[in-house]
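Visitor: Structure incoming, see below.
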Amino acid sequence: MSRRPLVFCVPMFAAALYVAVMLQKSIALSASLLFCALCLISLAVFFEKRYLRTILLLTLSASMALTFLSAYDAVFVSPIRALHSQTLNITGTLCQDPTIYDDCQRAELQIEPSDNVPRAFRTLCYLPLTEESLLIGDQVELQAKFYLSGDAEGFDRATFQASSGCFISSEFVKDDNGRAVRFSVIKSSGKAVWQYPQRIARYCKQIISESLPEREGSLLNALLLGDKSGLSRTDSSALRKSGLSHLVAVSGLHVGFLVAFCYLLFGRRWGTVLSVLVILLFIPMAGATPSVIRAGIMYLVAAGGFLLRKEADSLNSLFLALLILLLSNPYAIASLSLQLSFAATLGLILFSGKLQCSIMRLFSGASRPMRSTMRFLAGAVSCTICASLFTMPILFSTFGYVSVLSLLSNLLVVGVTAVCFIGGLLLCVFGSLHASFAIGIAFVLRPFLSYILRVAELVSSIPFGLIYWEDAFGIAALFLFFATVWIWMYAATKVRWRVVLPCVILMLISLTAVGTFVQYSQYQVTYLPCGSGQSILISRAPEKLTVIDCSSTRQDAAELLEEWMLWHNFDHIDTLILTAVDKGHARSLPDVIDRIPIEKIIIPEGCKRTKHNGAYLDKLDQTAVPVNKVSDTLQISDAPKISLFSVTDGKLGVQIGSHTLVLHSPTQKQLAAYLADHSLTAPNIVLNQGQTSEIDLLRQACTDLQAETIILQAGSHTMRQFNGIPILSPYQTGELMLNYKKD
């Protein structure tokens, strides 16, 4: 431990911060200081006892992390968050080019201190749209309201923003006409040195966009600079599903390409000197994310060791980078970019070399050209497996799934990525000299970029390529695979592989087959996070998709549907059920009809035309999709059994199997009147937030329906339970998917 203190102490330091920040288990500054003092005293007393000394040093590292976080909160965070709910006149400078939305633009501002603002700080601010684009370095003056972001849809936005140093959000104040009360812009001269990297990045994006078609250009911008804003929803989803999303998250891979390029042009010594300058420029160009900062620090340590003729220790430099990032902002531990980058790098350092050597032993008797080829492929395989080993727990805990297609997709694009990255650099450098150079290089690059997109598209379409946290058989197969690889690396000579390997393969095939059978024997009911609107999907892969309503008060329901269908490999909707033709149930109907193929639409009988639903009824009259009207009861599916029933004129209820009643469309009194004459029961009932206003009626309805769970479509924070019945809300959990056995 004395030789590599960072390797032992920094992980404990980071773990304590993770618990405090992510699980919100921080302690008071006085308590953490007292704990530190006790650890120091104990360390002094038991310093000669080796194992006890190690335990005390680790404990001291954790207590120092908590003390540092408490002090950081007291000095930096609390004074900023004290501005919550205040409206102030502020002056700020854009730290990055803003992101454009439909009716506003979001920018990271460095706020200047004033009479009302005690110190400078950064905030994520929503600004009005401007005729002339805002750019990094521009100064804005506005009246802004400060607020702490919530945790809607299962996503803690406040912690996420704090990981990048923004501890409070803000938005411009509007008048009654929706215009900014106070807003002015002072354009930057662009001569400040700190603005140059972003200006260079913007210029590179322009050259790429002018030289390549939109699809290939967007991929190159993401690959070269980490700018994923231009990627289409289809391509972004394909990259994630195929396990290639790391290509467009700038990290050590891209730093390695840059360094290799410098070595290729100038040799090892002068290439090292030049690469240091290039990396220092590249980090802010790529957005200075934790992953690229980590890679940059590690390379700078290695380059310094080379120039000083000393060997750098990879683990020490990795944890040095982690320590620097956490000392600059302890909330950075919440950054998914940081977590994945450090986990993947740790896996590569610890195991990739060992695994590559194990693979190469299989080709010890091969010819030299064959061994060279297999060494290249073995490196790609070992890197993918070892990085996945450490990142999978993070992906499971964050997204609830992992892709098992990454090994195949990475093998298919190995080498091509380097060609695209180096080619993109050449395109930007020579394209700045003359447009003809850019056209020539782009002509060569385009097939390679198209190839990566095609690989992502084809691999992502492979069924059952994603393993979800609920898939016990898939997780068991993953565990068996990684355990086998581990044993092969460290105990290969002690195992009779002629017997063990066939058994492992048979078990993997069996687990996969059983898992596939279980998936085919189930169907899913998915509740999209639509706010107080509603959109429910009933799917049984890869056969049928039924959608109940298409309305959202938070996002475009058509976009939500398209994204979900793309992710789950559905290309059309079999049946679209509208439980009512109004804004709460059909707000996105025109876009859904125009953008998504639909075989059949079902609406309730007796829909009255009003000024609010006239456009929806006109769209239904004009569409070529068959529209059926339900006036009583109709069963539209057997597996699962989906039954529709008329609650009142213009409003339908839906029963899914024997487990769910969708009663979102009727008012509470309409529902009570219907239940007085009909007998319905189900353990799950789906309601809207408005139905919770009349407590007595709701209590009676829950009793009559024998409800065990309420699924509430809501646009704001809701109760966690009602009358002892638990409440689930997509507003709080995000997309909610429940699995059921087929009837």
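By order of appearance in the structure tokens: chains A, B, ..., then residues from 1 within every chain, and ligands from 1 in the order shown.
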Tell me which protein, DNA and RNA residues are within 8 Å of range 166-171 of chain A, counting only C-alpha atoms, leaving out same-chain ones fewer than 3 positions away, and put them as a ChimeraX atom specification.
Guide: /A:77,80-81,84,121-127,144-149,158,161-163
Visitor: So which bits of range 166-238 of chain A end up strand (DSSP E or B) when you DSSP the backbone, as a PyMOL selection string?
Guide: chain A and resi 169-172+174+180+183-186
Visitor: I'd like the neighbourhood of range 515-523 of chain A as number ranges by chain, where a residue qualifies if any of its atoms comes within 10 Å (using only C-alpha atoms), though same-chain residues fewer than 4 positions away should be ignored.
Guide: A: 463-464, 467, 471-477, 509-511, 538-545, 639-640, 738-743
Visitor: What is the CA of Asn177 in chain A to CA of Gly533 in chain A distance in Å?
Guide: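 So the two atoms, CA of Asn177 in chain A and CA of Gly533 in chain A, lie 25.8 Å apart.
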Visitor: Quick check, in Å to one decimal: how far apart do CA of Ser63 in chain A and CA of Cys36 in chain A lie?
Guide: 5.6 Å
Visitor: Extract, using only C-alpha atoms, all DNA, RNA and protein residues at most 10 Å from Val255 in chain A, discarding same-chain residues fewer than 3 positions from it, and format them as a list in words.
Guide: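 Near Val255 in chain A, the qualifying residues are Val250, Ser251, Gly252, Leu258, Val259, Ala260, Phe261, Ser275, Val278, Ile279, Phe282, Ile283, Val292, Ile293, Ala295, Gly296 and Tyr299 of chain A.
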